[in-house]
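S.K.: I'd like to ask you about the structure that follows.
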Amino acid sequence: MAMQTTAIQEDKGNGIFHKAMSSEKPVWIPGPVIIGAGPSGLAVAACLKERGVPFLILEKERCIGSLWTLKTYNRLQLHLPKETCKLPHMPFPPEVPAYPTKQQFISYLEAYAKHFAIEPMFRQEVQSAIYDARMGFWRVQSNESEFLCQWFIVATGENAEPVLPNIEGISDFKGSLIHTSRYKDGADFKGQKVLVVGCGNSGMEISLDLCNNDAQVSLAVRDKLHILPREVLGRSTFSLSMWLLNWFPVKLVDRFLLICSQLILGDTHKMGIRRPKMGPLEQKNSTGKTPVLDVGAFSKIKSGKIKVVCGVQRFTASGAEFVDGHVENFDSVILATGYRSNVTSWLKEDSFFNEKDGYPRNPFPDNWKGKNGLYSVGFTRRGLLGSSIDAQRVAEDIARQWNCETKHLRIES
């Protein structure tokens, strides 16, 4: 028995769009369906648009770049220079500084979507996606409709949902306890005694923001980590590292970075922050763990304005007990414990994405293509640069198939 479908017609300004969503019939999409309207989804949409391939983007929130717009703090800046964070086919405006602010990056994303006439379908949360082998296409069920497509692109990214640690007594704490996804401004905590749990880039920068707004800040550091200056010799540490890797092995570049860090920042171990034995670039390549790029927090640590404490053993009603046994009271706790992929909670397949961490099983650069028209963009552990690389590879591969199929249709007609 043939399945009845509704086709979404191609729009002159966008890839494919918007048919009445009240239809109960599955909606056939002639091009790929992209899940997520963040930087990764926009990047692959623009690359498809440049190659003449129609598409549909489904986005669960009300806006593009929802992580940046809804779940980031006000003082956030890109930690890498804008040249390495631009999306394909459109640079940042020249007046934007080397390290764009949160609002400047959001404005760039909005201008990018407008330039390429990308119009996502908002408030469409995907509940399941499964490949129908009998019919040869993907069935994508959102909260409102079912979509059918030949190509399916997962662009929800590495930071789809907050990670909330399972620490003993966390529900007993009577003060304010929030994840960084709900933190906006240090002014909200003025005069408070605040514990920040987690020492990645967000934890360090939020600690600095709190300190600058007259909060008493303790930073809980559980694991060893690398802190590097954001710039070395007037150049971005990241850009300098990438340039040096063209000429020298990773271990030698790591040694150079650690010497520069020692000269610029000083001995982090004396401040309670131990470095791993593995160098920062080698660790990034092997585990995906990103070094902290310091934007001023470490000087506050050295001056004693940010107090480094060891990991939390358990929470109490009024504060926390740490692994070294000491107990301290706090007014607020901020969990800078990161984000994770949620792909495996709704994508019904078990060969491309790893069920444990929600990343493609094959590491970069072989992470972008699965079976049966399944693709991923933005799961490289290499930030926006990795998303751009993925986007161009995916779009090129789909465009080749699209052009081949449309060529056959023209010949047959």
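Lettering and numbering for the structure tokens are positional, with chains as A, B, ... in the shown order, residues counted from 1 in each chain, and ligands counted from 1 in the shown order.
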Any chance you could tabulate, as a tab-separated table, the residues of segment 257-290 of chain A at most 9 Å from segment 381-389 of chain A with each one's nearest atom pair and distance in Å to one decimal, using only C-alpha atoms, in chain and rising number order?

M.R.:
```
residue	atom	partner	partner_atom	distance
A:Lys284	CA	A:Arg381	CA	8.3
A:Asn285	CA	A:Arg381	CA	8.7
A:Gly288	CA	A:Arg381	CA	5.7
A:Lys289	CA	A:Arg381	CA	8.2
A:Thr290	CA	A:Arg381	CA	8.5
```

S.K.: Which parts of segment 236-405 of chain A does DSSP call alpha helix (DSSP H) when run on the backbone here, written out as number ranges by chain?

M.R.: A: 237-244, 250-264, 280-287, 297-302, 383-405

S.K.: Okay, now the selection with C-alpha atoms, as a PDB file, in the first residue's frame?

M.R.:
```
ATOM      1  CA  THR A 237      47.851  31.008  20.875  1.00  0.00           C
ATOM      2  CA  PHE A 238      45.572  28.847  18.730  1.00  0.00           C
ATOM      3  CA  SER A 239      46.672  30.410  15.438  1.00  0.00           C
ATOM      4  CA  LEU A 240      50.329  30.258  16.436  1.00  0.00           C
ATOM      5  CA  SER A 241      49.949  26.597  17.392  1.00  0.00           C
ATOM      6  CA  MET A 242      48.329  25.712  14.061  1.00  0.00           C
ATOM      7  CA  TRP A 243      51.141  27.483  12.208  1.00  0.00           C
ATOM      8  CA  LEU A 244      53.862  25.747  14.212  1.00  0.00           C
ATOM      9  CA  VAL A 250      52.936  18.017  18.365  1.00  0.00           C
ATOM     10  CA  LYS A 251      55.178  17.236  21.335  1.00  0.00           C
ATOM     11  CA  LEU A 252      57.627  19.984  20.388  1.00  0.00           C
ATOM     12  CA  VAL A 253      54.850  22.556  19.890  1.00  0.00           C
ATOM     13  CA  ASP A 254      53.375  21.535  23.242  1.00  0.00           C
ATOM     14  CA  ARG A 255      56.743  22.068  24.903  1.00  0.00           C
ATOM     15  CA  PHE A 256      56.947  25.551  23.370  1.00  0.00           C
ATOM     16  CA  LEU A 257      53.423  26.413  24.573  1.00  0.00           C
ATOM     17  CA  LEU A 258      54.167  25.265  28.120  1.00  0.00           C
ATOM     18  CA  ILE A 259      57.375  27.309  28.256  1.00  0.00           C
ATOM     19  CA  CYS A 260      55.449  30.386  27.059  1.00  0.00           C
ATOM     20  CA  SER A 261      52.726  29.709  29.613  1.00  0.00           C
ATOM     21  CA  GLN A 262      55.302  29.447  32.404  1.00  0.00           C
ATOM     22  CA  LEU A 263      56.847  32.777  31.374  1.00  0.00           C
ATOM     23  CA  ILE A 264      53.532  34.626  30.920  1.00  0.00           C
ATOM     24  CA  PRO A 280      47.745  20.524  25.713  1.00  0.00           C
ATOM     25  CA  LEU A 281      47.600  19.801  21.981  1.00  0.00           C
ATOM     26  CA  GLU A 282      48.313  16.108  22.376  1.00  0.00           C
ATOM     27  CA  GLN A 283      45.576  15.882  25.014  1.00  0.00           C
ATOM     28  CA  LYS A 284      43.131  17.753  22.772  1.00  0.00           C
ATOM     29  CA  ASN A 285      43.835  15.374  19.888  1.00  0.00           C
ATOM     30  CA  SER A 286      43.557  12.213  21.967  1.00  0.00           C
ATOM     31  CA  THR A 287      40.722  13.028  24.380  1.00  0.00           C
ATOM     32  CA  ALA A 297      41.061  34.908  35.659  1.00  0.00           C
ATOM     33  CA  PHE A 298      44.486  33.519  36.488  1.00  0.00           C
ATOM     34  CA  SER A 299      45.803  36.898  37.639  1.00  0.00           C
ATOM     35  CA  LYS A 300      42.835  37.017  40.056  1.00  0.00           C
ATOM     36  CA  ILE A 301      43.795  33.551  41.283  1.00  0.00           C
ATOM     37  CA  LYS A 302      47.397  34.668  41.865  1.00  0.00           C
ATOM     38  CA  GLY A 383      34.908  24.104  17.440  1.00  0.00           C
ATOM     39  CA  LEU A 384      33.546  26.313  14.674  1.00  0.00           C
ATOM     40  CA  LEU A 385      36.458  25.543  12.365  1.00  0.00           C
ATOM     41  CA  GLY A 386      35.564  21.849  12.528  1.00  0.00           C
ATOM     42  CA  SER A 387      31.908  22.653  11.810  1.00  0.00           C
ATOM     43  CA  SER A 388      32.902  24.571   8.685  1.00  0.00           C
ATOM     44  CA  ILE A 389      35.037  21.692   7.448  1.00  0.00           C
ATOM     45  CA  ASP A 390      32.200  19.220   8.039  1.00  0.00           C
ATOM     46  CA  ALA A 391      29.640  21.486   6.370  1.00  0.00           C
ATOM     47  CA  GLN A 392      31.606  21.767   3.146  1.00  0.00           C
ATOM     48  CA  ARG A 393      32.278  18.029   2.956  1.00  0.00           C
ATOM     49  CA  VAL A 394      28.642  17.118   3.608  1.00  0.00           C
ATOM     50  CA  ALA A 395      27.269  19.659   1.132  1.00  0.00           C
ATOM     51  CA  GLU A 396      29.681  18.559  -1.581  1.00  0.00           C
ATOM     52  CA  ASP A 397      28.755  14.903  -1.110  1.00  0.00           C
ATOM     53  CA  ILE A 398      24.991  15.534  -1.154  1.00  0.00           C
ATOM     54  CA  ALA A 399      25.284  17.953  -4.099  1.00  0.00           C
ATOM     55  CA  ARG A 400      27.049  15.292  -6.134  1.00  0.00           C
ATOM     56  CA  GLN A 401      24.183  12.870  -5.523  1.00  0.00           C
ATOM     57  CA  TRP A 402      21.555  15.575  -6.079  1.00  0.00           C
ATOM     58  CA  ASN A 403      23.042  16.636  -9.397  1.00  0.00           C
ATOM     59  CA  CYS A 404      23.308  13.024 -10.529  1.00  0.00           C
ATOM     60  CA  GLU A 405      19.654  12.352  -9.707  1.00  0.00           C
TER      61      GLU A 405
END
```

S.K.: Compare A:Ala336, A:Ile57, A:Cys199, A:Ile34 by their minimum atom-to-atom distance to Phe122 of chain A, counting only C-alpha atoms, and give me the closest one.

M.R.: A:Ile57

S.K.: Name all residues at most 12 Å from Ala155 of chain A (count only C-alpha atoms; drop same-chain ones fewer than 6 positions away) and give them as a PyMOL selection string.

M.R.: chain A and resi 32-45+57-59+65+341-343+359-360+368+374-380+387-388+390-391+394

S.K.: Which residues, written as a ChimeraX atom specification, have at least one atom at most 8 Å from Cys149 of chain A, with only C-alpha atoms counted and residues fewer than 3 positions away on the same chain left out?

M.R.: /A:28-33,137-139,152

S.K.: Between A:Thr344, A:Ser202, A:Ser218, A:Gln77, which residue has the minimum interatomic distance to Phe105 of chain A, considering only C-alpha atoms?

M.R.: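 The answer is A:Gln77, which sits nearest to Phe105 of chain A.
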
S.K.: Using only C-alpha atoms, which residues sit within 6 Å of segment 305-322 of chain A once same-chain residues fewer than 5 positions away are excluded, as a list in words?

M.R.: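 Answer for this query is Ile167, Glu168, Gly169, Ile170, Asp172, Phe173, Lys174, Val217, Ser218, Leu219, Ala220, Val221, Arg222, Lys300, Val327, Glu328, Asn329 and Phe330 of chain A.
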
S.K.: List the neighbours of Lys277 of chain A out to 10 Å using only C-alpha atoms; skip same-chain residues closer than 2 positions along the sequence, and give me the result as a ChimeraX atom specification.

M.R.: /A:224-226,274-275,279-280,283

S.K.: Please produce a file of the residues just selected, as a PDB file, in the first residue's frame, where the atoms kept are N, CA, C and O atoms.

M.R.:
```pdb
ATOM      1  N   LYS A 224      43.258  17.542  36.723  1.00  0.00           N
ATOM      2  CA  LYS A 224      44.381  18.279  36.152  1.00  0.00           C
ATOM      3  C   LYS A 224      43.931  18.947  34.850  1.00  0.00           C
ATOM      4  O   LYS A 224      43.092  18.409  34.128  1.00  0.00           O
ATOM      5  N   LEU A 225      44.488  20.115  34.568  1.00  0.00           N
ATOM      6  CA  LEU A 225      44.127  20.809  33.328  1.00  0.00           C
ATOM      7  C   LEU A 225      45.227  21.752  32.902  1.00  0.00           C
ATOM      8  O   LEU A 225      46.082  22.149  33.706  1.00  0.00           O
ATOM      9  N   HIS A 226      45.195  22.086  31.630  1.00  0.00           N
ATOM     10  CA  HIS A 226      46.146  23.044  31.070  1.00  0.00           C
ATOM     11  C   HIS A 226      45.503  24.424  30.978  1.00  0.00           C
ATOM     12  O   HIS A 226      44.373  24.562  30.488  1.00  0.00           O
ATOM     13  N   ARG A 274      47.023  21.710  38.823  1.00  0.00           N
ATOM     14  CA  ARG A 274      48.061  20.808  38.325  1.00  0.00           C
ATOM     15  C   ARG A 274      47.869  20.540  36.837  1.00  0.00           C
ATOM     16  O   ARG A 274      46.747  20.405  36.371  1.00  0.00           O
ATOM     17  N   ARG A 275      48.987  20.455  36.147  1.00  0.00           N
ATOM     18  CA  ARG A 275      48.932  20.181  34.711  1.00  0.00           C
ATOM     19  C   ARG A 275      49.029  18.675  34.449  1.00  0.00           C
ATOM     20  O   ARG A 275      49.747  17.963  35.147  1.00  0.00           O
ATOM     21  N   GLY A 279      50.795  16.877  26.937  1.00  0.00           N
ATOM     22  CA  GLY A 279      50.745  18.280  26.544  1.00  0.00           C
ATOM     23  C   GLY A 279      49.362  18.708  26.093  1.00  0.00           C
ATOM     24  O   GLY A 279      48.501  17.873  25.786  1.00  0.00           O
ATOM     25  N   PRO A 280      49.100  20.035  26.020  1.00  0.00           N
ATOM     26  CA  PRO A 280      47.745  20.524  25.713  1.00  0.00           C
ATOM     27  C   PRO A 280      47.220  20.117  24.343  1.00  0.00           C
ATOM     28  O   PRO A 280      46.053  19.741  24.216  1.00  0.00           O
ATOM     29  N   GLN A 283      46.769  16.249  24.254  1.00  0.00           N
ATOM     30  CA  GLN A 283      45.576  15.882  25.014  1.00  0.00           C
ATOM     31  C   GLN A 283      44.307  16.215  24.236  1.00  0.00           C
ATOM     32  O   GLN A 283      43.347  15.426  24.222  1.00  0.00           O
TER      33      GLN A 283
END
```

S.K.: List as an MDAnalysis selection string the protein and nucleic acid residues near Leu76 of chain A, meaning an atom at most 12 Å away when only C-alpha atoms are counted, but skip any in the same chain fewer than 2 places from it.

M.R.: chainID A and resid 68:69 71:74 78:80 99:106 180 183:186 201:206 208:209 295

S.K.: Write out as a PyMOL selection string the set of residues from segment 209-312 of chain A that DSSP, computed on the backbone, places in strand (DSSP E).

M.R.: chain A and resi 216-220+227-229+231-232+235-236+292-294+306-309+312

S.K.: Go through A:Lys82, A:His89, A:Lys369, A:His326 one by one, measure the shortest atom-to-atom distance of each to Arg51 of chain A using only C-alpha atoms, and give the residue with the smallest value.

M.R.: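 The answer is A:His89, which sits nearest to Arg51 of chain A.
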
S.K.: In Å, rounded to a single decimal, give me how far atom CA of Arg134 of chain A is from atom CA of Pro26 of chain A.

M.R.: 16.1 Å
